[in-house]
>>> print(open('work.txt').read())   # compact mmCIF, C-alpha atoms
# COMPACT_ATOMS: atom_id res chain seq x y z
CA MET J 1 0.00 0.00 0.00
CA THR J 2 1.37 3.41 -0.99
CA ILE J 3 0.32 6.71 0.58
CA LEU J 4 1.34 9.91 -1.20
CA VAL J 5 1.73 12.93 1.11
CA HIS J 6 1.80 16.42 -0.38
CA HIS J 7 3.81 19.03 1.54
CA THR J 8 5.10 22.50 0.69
CA GLY J 9 7.49 24.76 2.57
CA SER J 10 10.92 24.96 4.12
CA LEU J 11 12.46 24.12 7.51
CA GLY J 12 9.84 25.51 9.92
CA ASP J 13 6.96 24.35 7.73
CA THR J 14 8.36 20.82 7.70
CA ILE J 15 8.85 20.68 11.45
CA VAL J 16 5.26 21.71 12.23
CA THR J 17 4.14 19.00 9.79
CA ILE J 18 5.86 16.24 11.81
CA PRO J 19 2.80 15.71 14.10
CA SER J 20 0.68 15.04 11.00
CA LEU J 21 3.27 12.62 9.65
CA ARG J 22 3.28 10.84 13.00
CA ALA J 23 -0.49 10.49 12.76
CA LEU J 24 -0.26 9.13 9.22
CA ARG J 25 2.36 6.57 10.24
CA ALA J 26 0.08 5.46 13.08
CA GLU J 27 -2.89 5.25 10.68
CA TRP J 28 -0.97 3.20 8.12
CA PRO J 29 1.98 1.59 9.99
CA ASP J 30 2.90 -0.78 7.16
CA ALA J 31 2.34 1.60 4.25
CA ARG J 32 4.99 2.93 1.91
CA ILE J 33 4.76 6.68 2.56
CA VAL J 34 6.05 8.90 -0.26
CA LEU J 35 6.46 12.64 0.34
CA LEU J 36 5.82 14.92 -2.61
CA HIS J 37 7.59 18.10 -1.53
CA THR J 38 8.97 21.37 -2.82
CA ALA J 39 12.64 21.29 -3.76
CA GLY J 40 15.24 24.03 -3.43
CA SER J 41 15.30 26.55 -6.25
CA ALA J 42 17.64 29.06 -7.83
CA ALA J 43 15.42 31.80 -6.45
CA ARG J 44 15.76 30.49 -2.87
CA PRO J 45 18.85 28.26 -2.67
CA GLU J 46 19.02 28.72 1.10
CA ALA J 47 15.59 27.17 1.68
CA VAL J 48 15.78 23.77 3.38
CA PRO J 49 13.96 20.95 1.53
CA SER J 50 11.88 18.49 3.52
CA ASP J 51 14.09 15.48 2.87
CA ALA J 52 16.97 17.19 4.70
CA VAL J 53 14.78 17.24 7.82
CA LEU J 54 12.90 13.94 7.54
CA ARG J 55 15.33 11.50 5.96
CA GLY J 56 16.03 8.74 8.46
CA SER J 57 13.13 9.73 10.71
CA GLY J 58 11.07 6.64 9.90
CA LEU J 59 8.08 8.82 9.04
CA VAL J 60 8.71 8.89 5.28
CA ASP J 61 10.01 6.06 3.09
CA GLU J 62 10.64 7.92 -0.17
CA PHE J 63 10.91 11.54 -1.32
CA LEU J 64 9.59 12.99 -4.56
CA PRO J 65 10.72 16.63 -4.99
CA TYR J 66 9.06 19.02 -7.40
CA ALA J 67 9.91 22.51 -8.63
CA ARG J 68 7.59 25.15 -7.25
CA HIS J 69 8.96 28.48 -8.46
CA VAL J 70 8.71 27.92 -12.21
CA GLY J 71 6.43 29.38 -14.86
CA GLY J 72 5.47 29.20 -18.51
CA LEU J 73 6.40 26.06 -20.41
CA ALA J 74 8.59 24.89 -17.53
CA LEU J 75 5.55 24.81 -15.25
CA GLY J 76 3.58 22.75 -17.76
CA ARG J 77 6.41 20.25 -18.10
CA GLU J 78 6.74 19.98 -14.33
CA VAL J 79 3.01 19.30 -13.88
CA VAL J 80 3.14 16.55 -16.49
CA ARG J 81 6.25 15.03 -14.86
CA VAL J 82 4.60 14.98 -11.44
CA TRP J 83 1.35 13.57 -12.87
CA ARG J 84 3.27 10.72 -14.52
CA ALA J 85 5.16 10.05 -11.29
CA ILE J 86 1.88 9.80 -9.39
CA ARG J 87 0.50 7.41 -12.00
CA ARG J 88 3.53 5.16 -11.61
CA LEU J 89 3.23 5.16 -7.83
CA ALA J 90 -0.49 4.31 -7.99
CA PRO J 91 -1.10 5.46 -4.40
CA SER J 92 -4.08 4.20 -2.47
CA ALA J 93 -4.58 7.70 -1.05
CA ALA J 94 -3.22 11.24 -1.31
CA VAL J 95 -2.90 13.41 1.80
CA PHE J 96 -2.36 17.17 1.82
CA VAL J 97 -0.37 18.46 4.82
CA GLY J 98 0.66 21.82 3.36
CA PRO J 99 -0.19 25.30 4.67
CA SER J 100 -3.57 25.60 6.35
CA GLU J 101 -4.22 28.86 4.53
CA ARG J 102 -3.71 27.51 1.04
CA ALA J 103 -6.32 29.06 -1.25
CA PRO J 104 -9.42 26.94 -1.93
CA SER J 105 -8.82 27.30 -5.68
CA ALA J 106 -5.30 25.88 -5.30
CA LEU J 107 -6.62 22.97 -3.23
CA ARG J 108 -9.26 22.19 -5.85
CA ARG J 109 -6.56 22.25 -8.54
CA ASP J 110 -4.35 19.92 -6.49
CA ALA J 111 -7.23 17.52 -5.87
CA ALA J 112 -8.10 17.50 -9.59
CA LEU J 113 -4.50 16.56 -10.45
CA TYR J 114 -4.63 13.57 -8.09
CA ARG J 115 -7.99 12.41 -9.37
CA ALA J 116 -6.73 12.70 -12.96
CA ALA J 117 -3.81 10.48 -11.93
CA GLY J 118 -6.22 7.84 -10.67
CA VAL J 119 -6.20 8.57 -6.92
CA ARG J 120 -9.64 8.20 -5.41
CA ARG J 121 -9.11 8.68 -1.67
CA LEU J 122 -8.12 12.23 -0.73
CA TYR J 123 -7.48 13.59 2.77
CA GLY J 124 -6.77 17.13 3.96
CA PHE J 125 -7.83 18.92 0.78
CA ARG J 126 -10.72 20.82 2.36
CA PRO J 127 -10.01 24.56 2.85
CA GLY J 128 -8.75 25.58 6.26
CA ALA J 129 -9.95 28.43 8.46
CA ALA J 130 -9.86 31.92 7.03
CA SER J 131 -6.70 33.93 7.60
CA TRP J 132 -6.49 35.53 11.04
CA ARG J 133 -6.51 39.31 10.83
CA GLY J 134 -6.92 42.21 13.19
CA ALA J 135 -6.17 42.81 16.86
CA ALA J 136 -8.10 39.84 18.26
CA ASP J 137 -6.95 38.77 21.72
CA ALA J 138 -7.82 35.12 21.21
CA PRO J 139 -4.88 33.09 19.91
CA ALA J 140 -5.20 31.45 16.54
CA PRO J 141 -5.07 27.65 16.41
CA HIS J 142 -1.50 26.46 16.00
CA GLU J 143 -0.50 25.54 12.46
CA ALA J 144 0.32 21.97 13.51
CA VAL J 145 -3.13 21.63 15.13
CA ARG J 146 -4.83 23.02 12.02
CA LYS J 147 -3.21 20.34 9.89
CA LEU J 148 -4.27 17.56 12.27
CA ASP J 149 -7.82 18.91 12.53
CA ARG J 150 -8.14 18.89 8.75
CA LEU J 151 -7.11 15.23 8.60
CA ALA J 152 -9.40 14.28 11.48
CA ALA J 153 -12.32 16.00 9.73
CA ASP J 154 -11.72 13.70 6.75
CA GLY J 155 -11.96 10.59 8.88
CA LEU J 156 -8.36 9.86 9.93
CA THR J 157 -9.01 8.95 13.56
CA SER J 158 -5.32 8.82 14.47
CA ALA J 159 -5.04 12.57 13.79
CA ALA J 160 -7.12 13.32 16.90
CA ASP J 161 -4.40 12.00 19.24
CA PRO J 162 -2.66 14.91 21.03
CA ARG J 163 0.48 12.82 21.62
CA TRP J 164 1.72 13.64 18.14
CA LEU J 165 2.33 17.25 19.22
CA ALA J 166 4.70 16.33 22.03
CA ALA J 167 8.40 17.22 21.90
CA PRO J 168 10.94 16.07 20.98
CA LEU J 169 9.81 15.96 17.38
CA ILE J 170 13.28 15.05 16.09
CA ASP J 171 15.52 12.38 17.58
CA VAL J 172 19.15 13.46 17.68
CA ASP J 173 21.44 10.90 16.08
CA ALA J 174 24.19 9.68 18.42
CA GLY J 175 26.84 10.06 15.73
CA ASN J 176 25.83 13.66 15.07
CA ARG J 177 25.89 14.38 18.78
CA ARG J 178 29.42 12.99 19.13
CA ALA J 179 30.62 15.09 16.19
CA VAL J 180 29.11 18.24 17.69
CA ASP J 181 30.52 17.47 21.14
CA ALA J 182 34.00 16.99 19.71
CA TRP J 183 33.76 20.27 17.77
CA LEU J 184 32.53 22.23 20.79
CA ASP J 185 35.31 20.82 22.98
CA VAL J 186 37.92 22.03 20.48
CA VAL J 187 36.53 25.48 19.60
CA ALA J 188 34.89 26.46 22.89
CA GLY J 189 36.15 24.10 25.59
CA PRO J 190 34.33 21.42 27.56
CA HIS J 191 32.77 23.93 29.97
CA ALA J 192 31.27 26.27 27.37
CA ARG J 193 27.68 27.39 27.86
CA PRO J 194 26.46 27.82 24.27
CA VAL J 195 23.36 29.84 23.41
CA ALA J 196 22.05 29.70 19.85
CA VAL J 197 21.35 33.11 18.32
CA GLY J 198 19.17 33.46 15.21
CA PRO J 199 19.20 37.00 13.78
CA GLU J 200 18.35 36.06 10.19
CA THR J 201 15.26 34.90 8.29
CA LEU J 202 14.11 34.60 4.70
CA MET J 203 11.21 36.97 5.45
CA PRO J 204 12.18 40.65 5.95
CA SER J 205 9.01 41.43 7.92
CA LYS J 206 10.29 39.18 10.73
CA LEU J 207 13.67 40.90 11.20
CA TRP J 208 14.79 42.58 14.44
CA PRO J 209 17.34 45.44 14.20
CA LYS J 210 20.89 44.20 13.68
CA ASP J 211 22.44 46.56 16.23
CA ARG J 212 20.28 44.99 18.94
CA PHE J 213 21.47 41.51 18.05
CA VAL J 214 25.04 42.82 18.25
CA GLU J 215 24.36 44.15 21.75
CA LEU J 216 22.62 40.90 22.73
CA GLY J 217 25.64 38.82 21.71
CA ARG J 218 27.99 41.07 23.64
CA ARG J 219 25.83 40.80 26.76
CA LEU J 220 25.86 37.00 26.48
CA LEU J 221 29.66 37.00 26.28
CA ALA J 222 29.92 39.34 29.26
CA GLY J 223 27.60 37.06 31.24
CA GLY J 224 29.72 33.97 30.59
CA TRP J 225 27.68 32.43 27.80
CA CYS J 226 28.92 31.62 24.31
CA PRO J 227 26.65 32.93 21.51
CA VAL J 228 26.51 30.56 18.55
CA ILE J 229 25.31 31.33 15.03
CA VAL J 230 23.79 28.09 13.74
CA GLY J 231 23.22 27.52 10.04
CA SER J 232 21.63 24.74 8.03
CA GLY J 233 24.06 24.45 5.16
CA ARG J 234 24.29 28.07 3.99
CA ASP J 235 27.64 29.84 4.27
CA ASP J 236 27.71 33.31 2.78
CA GLY J 237 30.02 34.80 5.39
CA SER J 238 27.20 36.30 7.45
CA ALA J 239 27.78 34.01 10.44
CA ALA J 240 31.44 34.97 10.72
CA ASP J 241 30.40 38.60 10.43
CA TRP J 242 28.22 38.31 13.53
CA VAL J 243 31.02 36.72 15.55
CA GLN J 244 33.35 39.53 14.51
CA ARG J 245 30.84 42.16 15.63
CA TRP J 246 30.37 40.45 18.98
CA GLY J 247 34.08 40.08 19.59
CA GLY J 248 33.64 36.37 20.33
CA GLY J 249 31.27 33.44 20.07
CA LEU J 250 31.10 30.61 17.56
CA ASP J 251 30.50 30.54 13.82
CA ALA J 252 28.58 27.38 12.89
CA GLY J 253 27.14 28.80 9.67
CA GLY J 254 27.33 26.36 6.78
CA ARG J 255 29.23 23.81 8.86
CA TRP J 256 26.45 21.40 9.72
CA SER J 257 23.55 19.68 7.97
CA VAL J 258 20.03 20.11 9.35
CA ARG J 259 20.24 16.95 11.43
CA GLU J 260 23.69 17.95 12.72
CA SER J 261 22.37 21.43 13.50
CA ALA J 262 19.64 19.75 15.52
CA ALA J 263 22.38 18.00 17.53
CA LEU J 264 24.15 21.32 18.08
CA LEU J 265 20.93 23.01 19.21
CA SER J 266 20.32 20.16 21.64
CA ARG J 267 23.63 21.12 23.28
CA CYS J 268 22.68 24.80 23.58
CA GLU J 269 21.11 26.13 26.75
CA ALA J 270 18.52 28.02 24.71
CA TYR J 271 17.76 29.71 21.40
CA VAL J 272 17.11 33.43 21.08
CA GLY J 273 16.17 34.98 17.77
CA VAL J 274 13.54 35.74 15.20
CA ASP J 275 10.71 33.47 14.16
CA SER J 276 12.54 31.18 11.75
CA GLY J 277 13.14 27.53 11.01
CA LEU J 278 15.89 27.49 13.64
CA ALA J 279 13.40 28.43 16.36
CA HIS J 280 11.25 25.46 15.35
CA LEU J 281 14.30 23.19 15.10
CA THR J 282 15.29 24.17 18.65
CA ALA J 283 11.82 23.32 19.93
CA ALA J 284 11.90 20.06 17.96
CA VAL J 285 14.84 18.86 20.08
CA ALA J 286 13.09 20.03 23.28
CA ARG J 287 15.31 23.00 24.08
CA PRO J 288 13.82 26.34 25.22
CA ALA J 289 13.41 29.16 22.72
CA VAL J 290 12.94 32.89 23.18
CA VAL J 291 11.32 33.98 19.92
CA LEU J 292 11.01 37.56 18.72
CA THR J 293 7.96 37.39 16.53
CA SER J 294 6.38 39.95 14.23
CA GLY J 295 2.68 40.62 13.93
CA ARG J 296 2.32 39.27 10.39
CA ALA J 297 0.57 36.04 11.45
CA GLY J 298 -1.99 35.05 14.06
CA ILE J 299 -1.12 34.98 17.75
CA GLY J 300 0.11 31.47 18.51
CA GLN J 301 -0.21 30.11 14.98
CA TRP J 302 3.54 29.71 14.43
CA ASP J 303 4.80 29.48 18.01
CA PRO J 304 7.39 26.77 18.69
CA LEU J 305 5.78 23.50 19.76
CA GLY J 306 6.32 22.20 23.26
CA THR J 307 6.85 23.84 26.63
CA GLY J 308 9.42 26.20 28.13
CA HIS J 309 9.36 28.70 25.26
CA VAL J 310 8.70 32.45 25.46
CA VAL J 311 7.30 34.34 22.50
CA LEU J 312 7.83 38.12 22.59
CA ARG J 313 5.30 40.03 20.52
CA HIS J 314 4.40 43.72 20.36
CA ARG J 315 0.76 44.32 19.42
CA THR J 316 0.09 46.78 16.61
CA PRO J 317 -3.08 47.85 14.74
CA CYS J 318 -1.69 46.34 11.53
CA GLU J 319 -0.99 42.86 12.91
CA GLY J 320 -2.23 39.95 10.86
CA CYS J 321 -1.00 41.67 7.68
CA ARG J 322 0.53 38.46 6.18
CA LEU J 323 3.13 40.62 4.41
CA ARG J 324 6.62 39.43 3.47
CA ASP J 325 7.97 43.01 3.59
CA CYS J 326 6.72 45.60 6.07
CA PRO J 327 5.63 48.81 4.29
CA ILE J 328 5.79 50.89 7.50
CA GLU J 329 9.11 52.70 7.74
CA ASP J 330 9.96 51.96 11.38
CA HIS J 331 8.49 48.40 11.35
CA PRO J 332 6.84 48.91 14.78
CA CYS J 333 5.94 45.31 15.62
CA MET J 334 9.66 44.41 15.72
CA THR J 335 11.45 47.65 16.60
CA SER J 336 9.19 48.06 19.66
CA LEU J 337 10.82 44.97 21.20
CA SER J 338 13.62 46.57 23.22
CA ILE J 339 17.02 45.04 23.90
CA ASP J 340 16.35 45.20 27.65
CA THR J 341 13.06 43.31 27.32
CA VAL J 342 14.72 40.58 25.29
CA TRP J 343 17.71 40.36 27.63
CA THR J 344 15.57 40.16 30.78
CA THR J 345 13.42 37.43 29.23
CA LEU J 346 16.41 35.45 27.98
CA THR J 347 18.29 35.51 31.30
CA ALA J 348 15.14 34.33 33.09
CA VAL J 349 15.05 31.33 30.72
CA LEU J 350 18.77 30.68 31.12
CA ARG J 351 18.89 31.07 34.89
CA PRO J 352 17.65 27.54 35.73
CA SER J 353 20.58 26.09 33.76
CA ILE J 354 23.22 28.06 35.70
CA PRO J 355 25.06 25.82 38.19
>>> encode(input="work.txt", output="structure tokens")
Amino acid sequence: MTILVHHTGSLGDTIVTIPSLRALRAEWPDARIVLLHTAGSAARPEAVPSDAVLRGSGLVDEFLPYARHVGGLALGREVVRVWRAIRRLAPSAAVFVGPSERAPSALRRDAALYRAAGVRRLYGFRPGAASWRGAADAPAPHEAVRKLDRLAADGLTSAADPRWLAAPLIDVDAGNRRAVDAWLDVVAGPHARPVAVGPETLMPSKLWPKDRFVELGRRLLAGGWCPVIVGSGRDDGSAADWVQRWGGGLDAGGRWSVRESAALLSRCEAYVGVDSGLAHLTAAVARPAVVLTSGRAGIGQWDPLGTGHVVLRHRTPCEGCRLRDCPIEDHPCMTSLSIDTVWTTLTAVLRPSIP
């Protein structure tokens, strides 16, 4: 029996999809699960494909990447290629675990492609809740919960089990942990107290001012911690630049794969940074995260899963904008988060780990 699972997105999107994949594995324990997922592209070479996160997890047996950011004749050829691949697989069912806010028209188009390829059982293709907008005080349902609810509504009883949301979501490989431990012992010493710092994101509307991250790193060094820039395979020199500005710390940019980065984050006392895939990767290995989040999405929708995390958010009238770039000059939802607020919050999270 083959189950084809359709997923789109990069690192954070993949991590919040893990609870749904757990539910699918429980529903069909002996099935061959194939993940149809978006691949890296020339437009976004730094985006992390799903197979880099899930390979070896036991949740997916095979990976089928497809090009997303193409147009014209290339798009037509890609659709035909994917359709033929689906025909060859002859899956018993197709399951959509992509973004909960995918447009109904896009979902209908996806469902039509699967039906044209001979797939009769479809799960998760019903439209999700409308986009959250405005200054509502009630938190939005978490993205991972939205995905599970959609599957449960289509009759997958295993999706109603809350255990799938529990951390850790990613098991750290022992070999990766040993490699990270050896590296830390050499570059920082066996008694280092690393703290992962994430100042960068693919989405400009989520950025916090650079000068405040510089000050944050310097305060960590002065307090006896070792700030670490963690990357997932990208090395454009930006990580080394942060270490130079701080006057210390560790440059792990481009050094480790996603699974190795997970091992490194599991060794860190906490993560502090913007809402990015690294925040979700930290939570996935059950380490605490202090996340500086913008107001572009619903309250709680993209919080890190698990416990022990703190999400700092400044409320603004324009929250829920869904914008990739903020059109307001001073970007108030992020610039209103002061360095002192972030520092006080972070040290409160770190304090229990101090001997």
>>> closest_residue(input="work.txt", among="J:Ile86, J:Ala52, J:Leu156, J:Leu11", to="Leu36 (chain J)", atoms="all atoms listed in the file")
J:Ile86
>>> residues_around(input="work.txt", residues="region 62-68 of chain J", least_positions_apart="6", cutoff="9 Å", atoms="only C-alpha atoms", output="list in words")
Thr8, Arg32, Ile33, Val34, Leu35, Leu36, His37, Thr38, Ala39, Gly40, Ser41, Pro49, Ser50, Asp51, Arg55, Leu75, Glu78, Val79, Arg81, Val82 and Ala85 of chain J
>>> closest_atom_pairs(input="work.txt", of="region 256-318 of chain J", to="region 324-335 of chain J", cutoff="6 Å", atoms="only C-alpha atoms", output="tab-separated table")
residue	atom	partner	partner_atom	distance
J:Ser294	CA	J:Cys333	CA	5.6
J:Gly295	CA	J:Cys333	CA	6.0
J:His314	CA	J:Cys333	CA	5.2
>>> closest_residue(input="work.txt", among="J:Gly56, J:Gly155, J:Pro352, J:Pro139", to="Ala297 (chain J)", atoms="only C-alpha atoms")
J:Pro139
>>> closest_residue(input="work.txt", among="J:Ile339, J:Ile3, J:Ala117, J:Ala167", to="Phe96 (chain J)", atoms="all atoms listed in the file")
J:Ile3
>>> closest_residue(input="work.txt", among="J:Gly98, J:Val119, J:Ala289, J:Asp149", to="Val197 (chain J)", atoms="all atoms listed in the file")
J:Ala289
>>> atom_distance(input="work.txt", atom1="CA of Gly9 (chain J)", atom2="CA of Leu107 (chain J)")
15.4 Å
>>> residues_around(input="work.txt", residues="Gly247 (chain J)", least_positions_apart="6", cutoff="9 Å", atoms="all atoms listed in the file", output="list in words")
Gly217, Arg218 and Leu221 of chain J
>>> atom_distance(input="work.txt", atom1="CA of Ala284 (chain J)", atom2="CA of Leu169 (chain J)")
4.6 Å
>>> residues_near_point(input="work.txt", point="(-4.3, 15.7, -5.4)", cutoff="12 Å", atoms="only C-alpha atoms", output="mmCIF file with C-alpha atoms, in the coordinates of the input")
data_model
loop_
_atom_site.group_PDB
_atom_site.id
_atom_site.type_symbol
_atom_site.label_atom_id
_atom_site.label_comp_id
_atom_site.auth_asym_id
_atom_site.auth_seq_id
_atom_site.Cartn_x
_atom_site.Cartn_y
_atom_site.Cartn_z
ATOM 1 C CA ILE J 3 0.320 6.710 0.580
ATOM 2 C CA LEU J 4 1.340 9.910 -1.200
ATOM 3 C CA VAL J 5 1.730 12.930 1.110
ATOM 4 C CA HIS J 6 1.800 16.420 -0.380
ATOM 5 C CA HIS J 7 3.810 19.030 1.540
ATOM 6 C CA LEU J 36 5.820 14.920 -2.610
ATOM 7 C CA VAL J 79 3.010 19.300 -13.880
ATOM 8 C CA VAL J 82 4.600 14.980 -11.440
ATOM 9 C CA TRP J 83 1.350 13.570 -12.870
ATOM 10 C CA ILE J 86 1.880 9.800 -9.390
ATOM 11 C CA ARG J 87 0.500 7.410 -12.000
ATOM 12 C CA PRO J 91 -1.100 5.460 -4.400
ATOM 13 C CA SER J 92 -4.080 4.200 -2.470
ATOM 14 C CA ALA J 93 -4.580 7.700 -1.050
ATOM 15 C CA ALA J 94 -3.220 11.240 -1.310
ATOM 16 C CA VAL J 95 -2.900 13.410 1.800
ATOM 17 C CA PHE J 96 -2.360 17.170 1.820
ATOM 18 C CA VAL J 97 -0.370 18.460 4.820
ATOM 19 C CA GLY J 98 0.660 21.820 3.360
ATOM 20 C CA ALA J 106 -5.300 25.880 -5.300
ATOM 21 C CA LEU J 107 -6.620 22.970 -3.230
ATOM 22 C CA ARG J 108 -9.260 22.190 -5.850
ATOM 23 C CA ARG J 109 -6.560 22.250 -8.540
ATOM 24 C CA ASP J 110 -4.350 19.920 -6.490
ATOM 25 C CA ALA J 111 -7.230 17.520 -5.870
ATOM 26 C CA ALA J 112 -8.100 17.500 -9.590
ATOM 27 C CA LEU J 113 -4.500 16.560 -10.450
ATOM 28 C CA TYR J 114 -4.630 13.570 -8.090
ATOM 29 C CA ARG J 115 -7.990 12.410 -9.370
ATOM 30 C CA ALA J 116 -6.730 12.700 -12.960
ATOM 31 C CA ALA J 117 -3.810 10.480 -11.930
ATOM 32 C CA GLY J 118 -6.220 7.840 -10.670
ATOM 33 C CA VAL J 119 -6.200 8.570 -6.920
ATOM 34 C CA ARG J 120 -9.640 8.200 -5.410
ATOM 35 C CA ARG J 121 -9.110 8.680 -1.670
ATOM 36 C CA LEU J 122 -8.120 12.230 -0.730
ATOM 37 C CA TYR J 123 -7.480 13.590 2.770
ATOM 38 C CA GLY J 124 -6.770 17.130 3.960
ATOM 39 C CA PHE J 125 -7.830 18.920 0.780
ATOM 40 C CA ARG J 126 -10.720 20.820 2.360
#
>>> closest_residue(input="work.txt", among="J:Cys226, J:Leu278, J:Ala166, J:Val243", to="Thr14 (chain J)", atoms="all atoms listed in the file")
J:Leu278
